[in-house]
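Next comes model_26.txt, a file with compact mmCIF, C-alpha atoms.
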# COMPACT_ATOMS: atom_id res chain seq x y z
CA MET A 1 104.59 51.30 126.42
CA SER A 2 102.11 51.88 129.26
CA GLY A 3 99.82 49.28 130.74
CA ASP A 4 96.81 50.48 128.73
CA GLY A 5 98.57 49.77 125.41
CA THR A 6 99.56 53.33 124.59
CA ALA A 7 102.98 54.84 124.05
CA GLY A 8 104.06 57.73 126.25
CA GLY A 9 100.51 58.27 127.51
CA LEU A 10 99.20 59.12 124.04
CA PRO A 11 96.09 57.43 122.63
CA GLU A 12 96.90 54.49 120.39
CA THR A 13 95.95 56.41 117.23
CA ALA A 14 98.38 59.18 118.13
CA ALA A 15 101.12 56.73 119.05
CA GLU A 16 100.94 55.25 115.57
CA HIS A 17 101.90 58.62 114.09
CA SER A 18 104.31 59.91 116.73
CA GLY A 19 107.48 59.38 114.68
CA PRO A 20 108.71 60.19 111.18
CA PRO A 21 108.24 57.58 108.47
CA GLU A 22 111.11 55.50 107.19
CA GLN A 23 112.38 57.32 104.11
CA ASP A 24 113.01 55.16 101.08
CA PRO A 25 115.38 57.17 98.87
CA GLY A 26 114.25 55.39 95.70
CA THR A 27 110.53 55.92 96.27
CA ASP A 28 111.05 59.36 97.74
CA ALA A 29 112.96 60.59 94.73
CA GLN A 30 110.00 59.74 92.52
CA ARG A 31 107.57 61.66 94.75
CA VAL A 32 109.56 64.83 95.40
CA VAL A 33 111.87 66.14 92.69
CA ALA A 34 113.75 69.42 92.66
CA GLY A 35 116.75 70.88 90.95
CA ARG A 36 117.76 70.99 87.31
CA ALA A 37 120.95 71.31 85.30
CA ARG A 38 121.59 74.81 83.96
CA GLU A 39 123.49 76.05 80.95
CA GLY A 40 124.38 79.71 80.63
CA MET A 41 123.38 82.41 83.06
CA PHE A 42 119.74 82.89 82.07
CA GLY A 43 118.82 79.69 80.26
CA VAL A 44 118.33 81.54 76.97
CA THR A 45 118.77 79.53 73.77
CA GLY A 46 118.62 80.42 70.09
CA SER A 47 120.05 83.92 70.48
CA GLY A 48 123.44 85.53 70.95
CA ASP A 49 125.29 85.25 74.24
CA THR A 50 125.60 88.83 75.49
CA SER A 51 126.22 87.93 79.13
CA GLY A 52 129.59 86.21 78.82
CA TYR A 53 128.22 83.24 80.75
CA GLY A 54 127.24 81.11 77.75
CA GLY A 55 129.73 78.41 78.70
CA LEU A 56 128.52 78.08 82.28
CA ARG A 57 127.40 74.55 83.20
CA VAL A 58 125.76 73.95 86.58
CA PRO A 59 124.71 70.36 87.41
CA ALA A 60 121.37 69.64 89.01
CA TYR A 61 121.47 69.53 92.80
CA VAL A 62 118.90 67.86 95.01
CA PRO A 63 119.50 67.72 98.79
CA PRO A 64 119.26 64.08 99.90
CA ALA A 65 116.72 62.93 102.44
CA ALA A 66 118.17 63.59 105.89
CA GLU A 67 118.63 60.89 108.49
CA ARG A 68 118.41 61.07 112.25
CA PRO A 69 119.85 62.77 114.14
CA PHE A 70 119.21 65.96 112.19
CA GLY A 71 121.25 68.00 114.64
CA GLY A 72 120.54 70.89 116.99
CA TRP A 73 116.90 71.75 117.57
CA PHE A 74 115.80 70.14 114.28
CA ASP A 75 115.07 66.84 116.06
CA GLU A 76 112.93 68.59 118.67
CA VAL A 77 110.87 70.26 115.95
CA ALA A 78 110.46 67.02 113.98
CA ASP A 79 109.36 65.15 117.12
CA GLY A 80 106.90 67.91 118.04
CA LEU A 81 105.50 67.97 114.52
CA PHE A 82 104.87 64.22 114.27
CA ASP A 83 103.41 64.09 117.78
CA GLY A 84 101.05 66.95 116.92
CA MET A 85 100.11 65.38 113.60
CA GLY A 86 99.21 62.17 115.41
CA ARG A 87 96.93 64.00 117.81
CA ARG A 88 95.18 65.62 114.85
CA GLY A 89 94.80 62.39 112.90
CA ILE A 90 97.28 63.40 110.17
CA PRO A 91 99.25 60.36 108.94
CA SER A 92 103.01 60.52 109.31
CA ASP A 93 103.51 59.75 105.63
CA ALA A 94 101.98 63.16 104.85
CA VAL A 95 105.58 64.33 105.29
CA LEU A 96 107.16 63.01 102.11
CA ARG A 97 110.74 64.00 102.83
CA ILE A 98 112.87 65.92 105.31
CA THR A 99 116.08 67.58 104.16
CA VAL A 100 118.75 69.48 106.04
CA ASP A 101 120.88 71.62 103.78
CA ARG A 102 122.98 74.74 104.40
CA GLY A 103 121.84 74.86 108.02
CA GLU A 104 118.12 74.84 107.15
CA ILE A 105 115.50 72.13 107.57
CA THR A 106 112.78 71.59 104.96
CA PHE A 107 109.63 69.47 105.27
CA TYR A 108 108.23 68.34 101.91
CA VAL A 109 104.57 67.58 102.50
CA ASP A 110 101.57 66.10 100.73
CA ARG A 111 99.40 68.98 99.53
CA ARG A 112 96.27 67.28 100.87
CA HIS A 113 97.57 67.76 104.41
CA LEU A 114 99.32 71.12 104.00
CA VAL A 115 96.77 73.14 105.98
CA GLY A 116 96.65 70.64 108.83
CA ILE A 117 100.44 70.50 109.04
CA CYS A 118 100.69 74.30 109.06
CA ARG A 119 98.10 74.43 111.82
CA THR A 120 100.14 71.88 113.76
CA PHE A 121 103.27 74.01 113.37
CA ARG A 122 101.35 77.04 114.61
CA ASP A 123 99.37 75.59 117.52
CA GLU A 124 101.55 72.92 119.13
CA PRO A 125 103.07 74.30 122.38
CA ASP A 126 106.47 72.78 121.57
CA LEU A 127 106.51 74.35 118.08
CA ARG A 128 104.72 77.71 118.06
CA PHE A 129 105.55 78.76 114.51
CA GLU A 130 103.18 81.69 114.73
CA PHE A 131 104.30 83.61 111.67
CA CYS A 132 104.55 82.83 107.96
CA SER A 133 107.38 85.20 107.08
CA SER A 134 107.42 84.34 103.39
CA LEU A 135 105.58 82.28 100.79
CA SER A 136 106.99 82.00 97.29
CA GLY A 137 106.79 79.94 94.15
CA VAL A 138 109.54 78.12 92.27
CA ASP A 139 109.60 76.69 88.75
CA TYR A 140 112.35 74.17 87.98
CA GLY A 141 111.48 74.03 84.29
CA PRO A 142 109.48 71.79 81.94
CA ASP A 143 112.01 68.92 82.06
CA VAL A 144 111.57 68.39 85.83
CA PRO A 145 108.66 66.34 87.22
CA GLN A 146 106.64 68.27 89.78
CA ARG A 147 108.28 71.41 88.46
CA LEU A 148 106.20 73.88 90.49
CA HIS A 149 106.96 74.29 94.20
CA SER A 150 105.19 76.41 96.79
CA VAL A 151 107.51 77.25 99.67
CA CYS A 152 106.38 78.51 103.10
CA HIS A 153 108.96 79.92 105.51
CA LEU A 154 107.60 79.64 109.03
CA THR A 155 109.03 81.54 111.98
CA SER A 156 108.65 80.78 115.67
CA MET A 157 108.94 84.07 117.51
CA THR A 158 108.56 82.15 120.78
CA TYR A 159 111.60 79.92 120.23
CA ARG A 160 113.40 82.01 117.56
CA ARG A 161 113.43 79.22 114.98
CA ARG A 162 112.68 78.96 111.27
CA VAL A 163 111.61 76.03 109.11
CA ARG A 164 110.58 75.59 105.50
CA VAL A 165 107.43 73.74 104.40
CA GLU A 166 107.38 72.88 100.71
CA VAL A 167 104.82 71.37 98.34
CA ALA A 168 105.62 70.16 94.81
CA VAL A 169 103.01 69.82 92.04
CA ASP A 170 102.89 69.26 88.29
CA ALA A 171 102.19 72.17 85.95
CA GLU A 172 99.21 70.21 84.59
CA ASP A 173 97.62 70.14 88.06
CA PRO A 174 99.01 73.16 89.93
CA ARG A 175 96.44 73.26 92.73
CA ILE A 176 97.49 73.68 96.38
CA PRO A 177 95.29 74.48 99.40
CA SER A 178 95.57 78.06 100.60
CA VAL A 179 97.08 78.59 104.06
CA VAL A 180 95.56 82.06 104.50
CA ASP A 181 93.12 80.68 107.08
CA VAL A 182 96.12 79.64 109.21
CA TYR A 183 98.55 82.42 108.27
CA PRO A 184 96.75 85.59 107.07
CA THR A 185 100.09 87.09 105.97
CA ALA A 186 100.13 84.57 103.11
CA ASP A 187 97.26 86.39 101.37
CA PHE A 188 99.21 88.70 99.03
CA GLN A 189 102.09 86.24 98.75
CA GLU A 190 99.83 83.49 97.40
CA ARG A 191 98.41 86.00 94.94
CA GLU A 192 101.94 86.77 93.74
CA ALA A 193 102.78 83.05 93.37
CA TRP A 194 99.60 82.63 91.32
CA ASP A 195 100.37 85.69 89.22
CA MET A 196 104.00 84.79 88.50
CA TYR A 197 103.89 80.95 88.47
CA GLY A 198 100.27 79.96 87.91
CA ILE A 199 99.95 78.03 91.20
CA VAL A 200 96.27 77.88 92.09
CA TYR A 201 95.61 78.23 95.82
CA ASP A 202 92.26 76.64 96.51
CA ASP A 203 89.98 78.47 98.99
CA HIS A 204 92.02 81.66 98.81
CA PRO A 205 89.67 84.57 99.66
CA ALA A 206 90.50 86.55 96.49
CA LEU A 207 93.01 84.88 94.17
CA THR A 208 93.60 87.65 91.63
CA ARG A 209 96.69 89.03 89.95
CA ILE A 210 98.77 91.40 92.04
CA LEU A 211 101.67 92.49 89.79
CA MET A 212 100.40 92.00 86.24
CA PRO A 213 97.19 93.46 84.75
CA ASP A 214 94.07 91.37 85.27
CA ASP A 215 93.87 90.51 81.56
CA TRP A 216 97.51 89.38 81.29
CA GLU A 217 98.01 86.00 79.65
CA GLY A 218 100.51 83.56 81.12
CA HIS A 219 102.75 83.61 84.18
CA PRO A 220 105.99 85.53 83.64
CA GLN A 221 108.33 83.67 86.00
CA ARG A 222 107.74 80.22 84.56
CA LYS A 223 110.86 78.90 82.89
CA ASP A 224 109.09 78.39 79.56
CA TYR A 225 107.64 81.91 79.46
CA PRO A 226 109.01 83.93 76.50
CA LEU A 227 111.89 86.19 77.50
CA GLY A 228 110.55 89.13 75.53
CA GLY A 229 111.80 92.66 76.14
CA ILE A 230 111.50 96.09 74.53
CA PRO A 231 114.07 98.21 72.66
CA VAL A 232 115.80 100.79 74.87
CA GLU A 233 117.30 104.01 73.53
CA TYR A 234 120.38 105.35 75.29
CA LYS A 235 122.31 108.43 74.11
CA GLY A 236 121.27 107.93 70.51
CA ALA A 237 121.99 104.19 70.47
CA GLU A 238 119.25 101.60 70.52
CA VAL A 239 119.64 98.43 72.58
CA PRO A 240 117.36 95.64 71.28
CA PRO A 241 115.51 93.18 73.54
CA PRO A 242 117.69 90.39 75.02
CA ASP A 243 116.36 87.71 72.70
CA GLN A 244 117.24 89.80 69.64
CA ARG A 245 120.80 90.83 70.48
CA ARG A 246 123.74 89.61 68.46
CA SER A 247 126.50 87.47 69.91
CA TYR A 248 129.68 89.21 71.09
CA THR A 249 132.54 86.86 70.27
Now that the file is in, can you turn its structure into C-alpha cells?
Amino acid sequence: MSGDGTAGGLPETAAEHSGPPEQDPGTDAQRVVAGRAREGMFGVTGSGDTSGYGGLRVPAYVPPAAERPFGGWFDEVADGLFDGMGRRGIPSDAVLRITVDRGEITFYVDRRHLVGICRTFRDEPDLRFEFCSSLSGVDYGPDVPQRLHSVCHLTSMTYRRRVRVEVAVDAEDPRIPSVVDVYPTADFQEREAWDMYGIVYDDHPALTRILMPDDWEGHPQRKDYPLGGIPVEYKGAEVPPPDQRRSYT
C-alpha cells in the first residue's frame, strides 16, 4: 500500500479489482453448470440400438473451480486479466469461475462483460491475446441449467499461449454480445453457432444462417433436435434412417 492509499501504484478503483474473487463452490455451481450424464453413444432413445454402445453409461463431469496457484503461466495471465479489468472498470466478479483441466485454463464470464473482458485479453501488454482462433457453441441438453455455452479460444501469438473464455446461458434467453468488434475472425463462427445452436449474438453485423438454408426451422446441433435421416440405398439394399432401424440383439 503506497502513501496515497493505492495498491501497487494503481488508482484505488483499480486496486479494488486487481485480484480474482473468492470462489464459493456452492454459489458458483448454481451460476455456471456444465456436463451431463450420457447413456448410449448418441443419446438416442425409443429406437433400436444399432451402434453396440447402448449399454454405455458416462457420468456427468464438471471441472471444479481451481484454486491458487493455478500453475505455470496461468497465474500470470489471471493477474494480468484482473489488473486490466480493474483499469477498465470491470468488476472482478464478472469472472464467475476459473477452471484448470487437462492442461487448459478456462474463464467463465458474465455475458454482460464478455466484450470488455475480451478487449482486456487483447489489449493488455502482459496478455496480448490478439487472435480468436475458434468460437463454438455447446449444448449440454434440456436437463442441464444454462445448457447453451459459447466458447472462445484465444491465442497470444506474442507469448504463445492459449486460454478459453466461456459464457453459459439458458435456452429461453440465449443472447450473448458479439465479439466481432474485438475479434473480426469470430464473424462466421458466431453465425455457425447461431445456425447450429440458436445462440443469438447481439450486435453481430449480419447474423444469418451459414450452413442451413435461410428458411430452415430449428437448430440441428441442439440435443433435443430430432435425429431424422433419409433412407440410403446400397447395392440393392435399403438402409433406413437411424431412428427407424431395428435393434440388433
Have a look at A:Pro142, A:Pro226, A:Gly103, A:Gly137 and name the one nearest to Phe74 of chain A; count only C-alpha atoms. A:Gly103
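For the pair atom CA of Pro220 of chain A and atom CA of Tyr197 of chain A, the separation is 7.0 Å.
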Given all atoms listed in the file as the basis, pick out the residue of A:Met196, A:Ile105, A:Ala78, A:Leu227 nearest to Val165 of chain A.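 Going through A:Met196, A:Ile105, A:Ala78, A:Leu227 one by one, the smallest distance to Val165 of chain A is for A:Ile105.
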Write out as a ChimeraX atom specification each polymer residue whose atoms come within 12 Å of Tyr201 of chain A, counting all atoms listed in the file; drop sequence neighbours fewer than 6 positions from it. /A:111,114-115,135,137,150,167,169,173-181,186-195,207-208
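Using only C-alpha atoms, the nearest neighbour of Val58 of chain A within the list A:Val109, A:Val239, A:Leu81, A:Ala37 is A:Ala37.
Among the candidates A:Ala171, A:Val95, A:Arg119, A:Leu56, the residue lying nearest to Gly40 of chain A is A:Leu56 (atoms considered: only C-alpha atoms).
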Correct to one decimal, the distance atom CA of Arg57 of chain A-atom CA of Gly35 of chain A is 13.7 Å
Residue nearest His113 of chain A among A:Arg38, A:His153, A:Arg88, A:Arg161 (counting only C-alpha atoms): A:Arg88
Could you tell me how far atom CA of Asp101 of chain A lies from atom CA of Pro69 of chain A, in Å and to one decimal?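 Atom-to-atom, atom CA of Asp101 of chain A and atom CA of Pro69 of chain A are spaced 13.7 Å apart.
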Closest to Val138 of chain A among A:Leu96, A:Val163, A:Ile199, A:Ala66, using all atoms listed in the file? A:Ile199
